[in-house]
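To start, the structure itself, in structure tokens.
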Amino acid sequence: MKKNNSRISIHANIVLQMMNHNPGMTYNELKNKSRLSDKELGMAIGWLVREDKILFSPEEDKLYLNYYFYF
């Protein structure tokens with residue numbers, strides 16, 4: 001179980017870094033640039049949403065950094 005959490009955390013950090021440099025990315029943009037599988041990206045996004053580090057805008061189909069979160 002710990003090994004899976006570690007991999008999800010690594011993938012989540014990849015997504016955070018990408019979004020830090022390019023805010024307002026869509027899921028498809030993240031998927032193409034990160035080269036993560038759907039499963040890996042989905043888990044990473046879920047991890048980050050749960051930690052209130054990113055926000056999802058269903059109207060725009062985009063993900064945004066939560067600016068209340070500080071690096």
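Simple scheme: letters A, B, ... for chains in structure tokens order, numbers from 1 for residues in each chain, numbers from 1 for ligands in the order shown.
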Legend entry - alpha helix (DSSP H) per DSSP on the backbone: members of chain A, as a ChimeraX atom specification: /A:2-21,27-34,38-50
Inset, instruction - Find the residues around stretch 31-47 of chain A up to 10 Å (only C-alpha atoms counted), leave out those fewer than 3 positions away in its own chain, and share them as a VMD selection string. - result: chain A and resid 5 7 to 16 18 25 to 28 50 to 56 63
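Considering only chain A, backbone DSSP assigns strand (DSSP E) to Met25, Thr26, Ile54, Leu55, Phe56, Ser57, Lys62, Leu63, Tyr64 and Leu65 of chain A.
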Inset, instruction - Figure out the distance between atom CA of A:Asn66 and atom CA of A:Ser6, please, to one decimal in Å. - result: 22.3 Å
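The two atoms in question, atom CA of A:Ser57 and atom CA of A:Asn4, are spaced 27.4 Å apart.
The shell of residues at most 8 Å from A:Met19, with only C-alpha atoms counted and near chain neighbours (fewer than 5 positions) removed, consists of Gly24, Met25, Tyr64 and Leu65 of chain A.
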